[in-house]
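Peer 1: The structure is given below, and queries will be raised subsequently.
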Amino acid sequence: MSFKYESIEELVSYSKEAEGKYLIDIDTKDIIGKTNKGSVGAVIEQSYFGYSANSKAEADFADVGIELKTTGVIRQKRGTIAAKERLVLNIINYMDEVGRDFATSSFWSKNNKLLIFFYTYVRDSNGKPDYSKFQILKTILHEFSEKDLEIIRQDWDLIHNKIKLGLAHELSEGDTQILGACTKGASKKSMREQPFSSIPAKQRAYSLKQGYMTALVKQYIDHEKLIPITNVKELKYKTVEEIIKEKFAQYIGKTELEIIKLLNLKESNAKNNAQLLTSGILGITGTKLDKIEEFSKLNIKFKTVTYEKTGILKESMSFENLNFQDIYLNDWETSELKMKFESTQFLFVIFQKNNENQKVLKGVKLWNVPLTILDNEIREVYVEVKKLLADGIVEWKEGNRYRNNLPKSGFNGVCHIRPKGQNRVKSMIVLPNGQELPNQAFWFNAKFIKELTLDIL
DNA sequence: GCATGATCATGC
DNA sequence: GCATGATCATGC
């Protein structure tokens with residue numbers, strides 16, 4: 001008694017009827033109760049559409065070429081909305097995919113039309129999923145815009161090339177912009193053969209990266225307007241990075257003030273000058289860089305790097321405060337921190353102070369965390385923090401300052417943990433073990449940032 | 001000059 | 001009021 005539809009329209013309109021419904025009300029077969037794994041996809045497939053669990057690997061609605069997907073949406077502390085994670089698509093068969101082109105690729109043939117069920121992912125007070133509160137927020141039939149497709153095509157080419165070069169074992173999700181190749185399998189040990197190398201490669205699936213999914217959520221659910229800085233025509237022969245670099249090129253060597261005047265922006269000495277200026281150069285007014293379509297879809301985060309006139313880089317680079325709850329609950333592999341760093345690209349806007357102490361624009365650089373740094377130094381710091389969280393973090397007073405035993409810049413030379421907040425009292429938090437500590441952030445060492453950006457000076 | 005704790009400024 | 005980017009301040 002599965003759902004019968006006559007047309008795509010009918011399928012879409014039936015899907016729409018699920019909006020607002022709670023998953024437990026849809027789950028007539030008690031799938032959540034049985035598996036206790038919250039297989040939202042299974043509930044929609046089996047209870048809402050009435051398909052059996054042993055369905056084939058083909059597009060779910062094969063006759064109309066539509067693939068059914070469910071994906072979690074979370075409300076962040078500040079009320080903004082985001083995709084909980086990447087959307088995982090089909091597994092890449094390296095042996096088979098290598099002989100295809102984009103049009104005949106398994107990615108395109110299976111996923112060119114996606115029927116996506118967005119649901120709210122709610123956690124209980126212990127941080128575990130609370131399935132009784134999962135609710136279908138929105139259902140959409142997603143087809144890729146021409147522009148997204150140009151970027152996806154660049155991504156697909158890169159993945160395809162690595163397979164052709166016998167480098168499937170070096171694929172990483174950070175390589176690409178929208179279409180990723182994420183690991184998939186029961187364990188990390190799930191390996192596959194590749195056509196041009198005897199080295200076994202990790203099993204990977206195509207994915208729509210988290211930044212792209214968050215951009216979709218913002219557009220479809222929050223109806224946020226995103227402002228593009230590129231167009232289809234440009235993207236046919238340039239990457240987003242090249243386009244950004246071109247926009248900055250004419251301002252290199254000029255001081256902050258000069259650029260502000262050239263762009264007719266309001267003068268200020270504020271700490272967010274660099275941000276105002278970056279928006280201005282990219283043709284956006286205000287500071288809302290995340291409103292830029294490409295920044296949102298490609299998950300590009302802006303960071304300024306300011307060198308002293310002597311060429312010293314004084315300041316380390318800070319990130320968000322650590323989510324100790326997440327660290328307590330998750331191992332590195334499933335941690336928020338890993339997910340953030342592997343899915344984010346950073347746009348470094350690099351300045352150097354001149355003799356008058358004004359900041360001169362030196363250049364920009366798009367960078368993502370290399371796998372080796374992620375799997376080694378960042379993981380090491382994570383594991384250490386998790387260990388300290390279990391043993392109890394030690395804090396003591398030296399003069400007017402408190403000290404603690406969290407990993408410092410000497411820990412591995414790349415990253416460290418340091419307090420960040422309005423002040424000690426206001427930034428006090430309670431750790432999962434009940435201990436009180438001022439908020440702590442993750443930082444990249446100044447020396448490490450210098451290595452990454454020195455070529456721009 | 002560096003390491004690291006502390007806090008400012010802005011925007012939501 | 002708080003999160004976050006940016007920067008200051010102290011001590012070695």
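Going by the structure tokens order, chains are called A, B, ..., each with residues numbered from 1, while ligands are numbered from 1 in the order shown.
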For the interface of chain A with chain B (cut-off 10 Å, counting only C-alpha atoms (C1' of nucleotides)), please tabulate each contacting residue of chain A alongside its nearest pair of atoms and their separation in Å to one decimal, rows sorted by chain and increasing number, as a Markdown table.
Peer 2:
```
| residue | atom | partner | partner_atom | distance |
| --- | --- | --- | --- | --- |
| A:Arg78 | CA | B:DC12 | C1' | 8.0 |
| A:Gly79 | CA | B:DC12 | C1' | 9.6 |
| A:Ala270 | CA | B:DA9 | C1' | 7.4 |
| A:Lys271 | CA | B:DA9 | C1' | 6.5 |
| A:Asn272 | CA | B:DT10 | C1' | 7.4 |
| A:Thr287 | CA | B:DG11 | C1' | 9.3 |
| A:Lys288 | CA | B:DG11 | C1' | 9.9 |
| A:Ile312 | CA | B:DG1 | C1' | 8.9 |
| A:Lys314 | CA | B:DC2 | C1' | 8.5 |
| A:Asn400 | CA | B:DG5 | C1' | 9.6 |
| A:Arg401 | CA | B:DG5 | C1' | 6.5 |
| A:Tyr402 | CA | B:DG5 | C1' | 7.2 |
| A:Arg403 | CA | B:DG5 | C1' | 7.5 |
| A:Asn404 | CA | B:DG5 | C1' | 9.9 |
| A:Lys408 | CA | B:DT4 | C1' | 8.0 |
| A:Ser409 | CA | B:DA3 | C1' | 7.4 |
| A:Gly410 | CA | B:DA3 | C1' | 8.8 |
| A:Ile417 | CA | B:DT4 | C1' | 9.7 |
| A:Arg418 | CA | B:DT4 | C1' | 7.3 |
| A:Pro419 | CA | B:DG5 | C1' | 7.1 |
| A:Lys420 | CA | B:DA6 | C1' | 7.9 |
| A:Gly421 | CA | B:DT7 | C1' | 7.2 |
| A:Gln422 | CA | B:DT7 | C1' | 5.8 |
| A:Asn423 | CA | B:DT7 | C1' | 5.7 |
| A:Arg424 | CA | B:DA6 | C1' | 7.5 |
```
Peer 1: Got a sec to tell me which of stretch 165-221 of chain A DSSP assigns to helix (DSSP H, G or I), as a PyMOL selection string?
Peer 2: chain A and resi 168-170+173-175+210-220
Peer 1: What is the distance, in Å and to one decimal place, between atom CA of A:Ile31 and atom CA of A:Thr71?
Peer 2: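 Answer for the atom CA of A:Ile31 to atom CA of A:Thr71 separation: 17.0 Å.
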Peer 1: Could you name the residues that touch stretch 234-245 of chain A at 12 Å or less, counting only C-alpha atoms (C1' of nucleotides), but leaving out those on the same chain fewer than 2 positions away, as a ChimeraX atom specification?
Peer 2: /A:146-155,176-178,228-232,247-252,278-279,281-283,292-295,297-298,300,345-349,362-367
Peer 1: Using only C-alpha atoms (C1' of nucleotides), which residues sit within 10 Å of A:Glu384 once same-chain residues fewer than 4 positions away are excluded, as a list of chain:residue names?
Peer 2: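 My reading of the contact set: A:Ile378, A:Arg379, A:Glu380, A:Leu388, A:Leu389, A:Ala390, A:Leu406, A:Pro407, A:Phe411.
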Peer 1: Determine, counting only C-alpha atoms (C1' of nucleotides), which protein, DNA and RNA residues have an atom within 10 Å of an atom of A:Arg75; residues of the same chain fewer than 5 positions away are not included. Present the result as a ChimeraX atom specification.
Peer 2: /A:80-84,120-122
